[in-house]
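Worksheet: the structure to be examined is printed underneath.
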Amino acid sequence: MIVMVGFSLFFALIVGVYHVHDERMKSIDKYEEANFVLEKLTSSGGILEKEGIIKSGGVIDKTKFAESTDNFESIIKESGIIGIGFGLKLEYEGCGAPLKWTNIPSDKNIVSASKQLPVYINEAQTVPGVLTVMIWGGE
């Protein structure tokens with residue numbers, strides 16, 4: 001009887017460890033997916049550069065990014081990213097509220113990845129900023 005209880009506890013422990021490991025691997029995979037989307041969007045020749053949101057040297061144009069919040073559907077279609085819903089958020093030094101796309105759902109499991117990039121404010125001012133991509137699956 002004691003041996004059977006010992007085996008039961010051992011198998012319960014193994015199942016728990018496997019479940020935790022599986023959840024961690026899924027989480028890592030989603031983060032890598034978010035990072036892939038971020039790199040694809042911000043790469044040289046990527047859709048954000050084609051739209052003029054990212055200028056030469058990897059600088060984000062704040063005005064163009066703000067305009068993209070109204071035009072995000074065409075950027076999503078032209079990005080070539082299929083099956084992954086994504087949205088962008090931009091925070092920079094001196095901004096009140098972050099600029100973000102309106103398509104980001106509040107009822108889904110969202111994973112994000114960020115990248116530090118300079119943000120062009122005007123001719124006299126470029127400040128440090130953070131571009132964040134938020135993804136959710138199953139679109």
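Naming works like this for the structure tokens: A, B, ... for the chains as they're shown, residue 1 at the start of each chain, ligands 1 onward in shown order.
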Requested in this report: Write out as a list of chain:residue names the residues lying within 8 Å of Lys62 of chain A, counting only C-alpha atoms and excluding same-chain residues fewer than 3 positions away.
Outcome: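 Residues near the query, excluding close chain neighbours: A:Ile53, A:Phe65, A:Ala66, A:Val119, A:Tyr120, A:Ile121.
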Residues of the last selection are to be written out with all heavy atoms, as a compact mmCIF listing (two decimals), in the first residue's frame.
# COMPACT_ATOMS: atom_id res chain seq x y z
N ILE A 53 7.39 55.45 -41.74
CA ILE A 53 7.31 55.56 -40.29
C ILE A 53 8.71 55.46 -39.69
O ILE A 53 9.04 56.18 -38.75
CB ILE A 53 6.38 54.46 -39.72
CG1 ILE A 53 4.96 54.68 -40.25
CG2 ILE A 53 6.40 54.44 -38.20
CD1 ILE A 53 4.02 53.53 -40.00
N PHE A 65 4.06 57.92 -37.32
CA PHE A 65 3.53 56.86 -36.47
C PHE A 65 2.12 57.21 -36.01
O PHE A 65 1.23 56.38 -36.00
CB PHE A 65 4.42 56.60 -35.26
CG PHE A 65 3.96 55.42 -34.44
CD1 PHE A 65 4.40 54.15 -34.75
CD2 PHE A 65 3.06 55.57 -33.40
CE1 PHE A 65 3.96 53.05 -34.02
CE2 PHE A 65 2.61 54.49 -32.67
CZ PHE A 65 3.07 53.22 -32.97
N ALA A 66 1.92 58.47 -35.60
CA ALA A 66 0.59 58.91 -35.16
C ALA A 66 -0.42 58.78 -36.30
O ALA A 66 -1.57 58.38 -36.08
CB ALA A 66 0.65 60.35 -34.65
N VAL A 119 13.35 58.54 -31.60
CA VAL A 119 12.08 59.07 -32.13
C VAL A 119 12.31 60.50 -32.58
O VAL A 119 12.73 61.36 -31.80
CB VAL A 119 10.97 59.01 -31.07
CG1 VAL A 119 9.67 59.59 -31.61
CG2 VAL A 119 10.75 57.57 -30.59
N TYR A 120 12.00 60.76 -33.85
CA TYR A 120 12.13 62.09 -34.44
C TYR A 120 10.88 62.89 -34.07
O TYR A 120 9.77 62.55 -34.45
CB TYR A 120 12.25 61.95 -35.96
CG TYR A 120 12.25 63.24 -36.71
CD1 TYR A 120 13.41 63.99 -36.85
CD2 TYR A 120 11.08 63.73 -37.30
CE1 TYR A 120 13.41 65.19 -37.56
CE2 TYR A 120 11.06 64.91 -38.00
CZ TYR A 120 12.23 65.65 -38.13
OH TYR A 120 12.22 66.82 -38.83
N ILE A 121 11.07 63.96 -33.32
CA ILE A 121 9.97 64.83 -32.92
C ILE A 121 9.84 65.99 -33.91
O ILE A 121 8.76 66.25 -34.43
CB ILE A 121 10.19 65.39 -31.49
CG1 ILE A 121 10.40 64.25 -30.48
CG2 ILE A 121 9.03 66.27 -31.07
CD1 ILE A 121 9.25 63.31 -30.30
Report task. If you run DSSP over the backbone, which residues in segment 53-137 of chain A end up helix (DSSP H, G or I)? Put them as number ranges by chain. Result -> A: 62-68, 72-79
Would you save the residues from that selection as an mmCIF file, in the first residue's frame, using C-alpha atoms?
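New file out.cif:
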data_model
loop_
_atom_site.group_PDB
_atom_site.id
_atom_site.type_symbol
_atom_site.label_atom_id
_atom_site.label_comp_id
_atom_site.auth_asym_id
_atom_site.auth_seq_id
_atom_site.Cartn_x
_atom_site.Cartn_y
_atom_site.Cartn_z
ATOM 1 C CA LYS A 62 6.488 60.458 -34.456
ATOM 2 C CA THR A 63 4.114 62.250 -36.831
ATOM 3 C CA LYS A 64 4.038 59.345 -39.308
ATOM 4 C CA PHE A 65 3.528 56.858 -36.472
ATOM 5 C CA ALA A 66 0.591 58.910 -35.164
ATOM 6 C CA GLU A 67 -0.898 58.919 -38.681
ATOM 7 C CA SER A 68 -0.465 55.136 -38.884
ATOM 8 C CA PHE A 72 -3.084 50.259 -39.491
ATOM 9 C CA GLU A 73 -5.231 47.898 -41.635
ATOM 10 C CA SER A 74 -3.193 48.544 -44.772
ATOM 11 C CA ILE A 75 0.088 48.146 -42.871
ATOM 12 C CA ILE A 76 -1.099 44.799 -41.483
ATOM 13 C CA LYS A 77 -2.133 43.590 -44.969
ATOM 14 C CA GLU A 78 1.116 44.684 -46.609
ATOM 15 C CA SER A 79 3.336 43.333 -43.825
#
Within 12 Å of segment 21-33 of chain A, which residues of segment 58-84 of chain A come that close, and what is the closest atom pair and distance in Å for each? Count only C-alpha atoms and give it as CSV.
residue,atom,partner,partner_atom,distance
A:Ile81,CA,A:Glu33,CA,10.9
A:Gly83,CA,A:Glu33,CA,11.3
A:Ile84,CA,A:Glu33,CA,8.9
Go ahead and save the picked residues with N, CA, C and O atoms, as a short mmCIF file (atom, residue, chain, number, x, y, z; two decimals), in the first residue's frame.
data_model
loop_
_atom_site.label_atom_id
_atom_site.label_comp_id
_atom_site.auth_asym_id
_atom_site.auth_seq_id
_atom_site.Cartn_x
_atom_site.Cartn_y
_atom_site.Cartn_z
N ILE A 81 2.59 39.30 -42.73
CA ILE A 81 2.46 38.48 -41.52
C ILE A 81 1.04 37.94 -41.48
O ILE A 81 0.09 38.69 -41.34
N GLY A 83 -1.82 35.14 -39.96
CA GLY A 83 -2.19 34.27 -38.84
C GLY A 83 -1.84 34.82 -37.48
O GLY A 83 -2.11 34.18 -36.47
N ILE A 84 -1.23 35.98 -37.42
CA ILE A 84 -0.87 36.59 -36.14
C ILE A 84 -1.44 38.00 -36.13
O ILE A 84 -1.13 38.82 -36.99
#
Requested in this report: Could you give me, as JSON, numbers by chain, the residues within 6 Å of segment 116-118 of chain A, counting only C-alpha atoms and dropping anything in the same chain fewer than 6 positions from it?
Outcome: {"A": [59, 127, 128, 129, 130]}
Report task. List every residue of segment 89-121 of chain A that DSSP, applied to the backbone, labels as strand (DSSP E or B), and write the result as a list of chain:residue names. Result ->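 Here is the list: A:Lys89, A:Leu90, A:Glu91, A:Tyr92, A:Leu99, A:Lys100, A:Val111, A:Ser112, A:Ala113, A:Ser114, A:Lys115, A:Gln116, A:Leu117, A:Pro118, A:Val119, A:Tyr120, A:Ile121.
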Query - Residues near segment 103-111 of chain A, cut-off 8 Å, only C-alpha atoms, skip fewer than 2 positions along chain, as a list of chain:residue names - result: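 In the requested format, the answer is A:Lys30, A:Tyr31, A:Ala34, A:Phe86, A:Gly87, A:Trp101, A:Ala113, A:Met134, A:Ile135, A:Trp136.
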Query raised in the report: Using only C-alpha atoms, which of A:Val5, A:Leu48, A:Val20, A:Ala124 sits nearest Asn71 of chain A?
Result: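 Using only C-alpha atoms, the shortest distance to Asn71 of chain A belongs to A:Leu48.
Nearest to Thr126 of chain A of all the residues A:Phe10, A:Phe36, A:Tyr92, A:Tyr18 is A:Tyr92, based on only C-alpha atoms.
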Report task. May I ask for the distance between atom CA of Thr102 of chain A and atom CA of Gly58 of chain A, given in Å to one decimal place? Result ->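 A separation of 23.8 Å between them.
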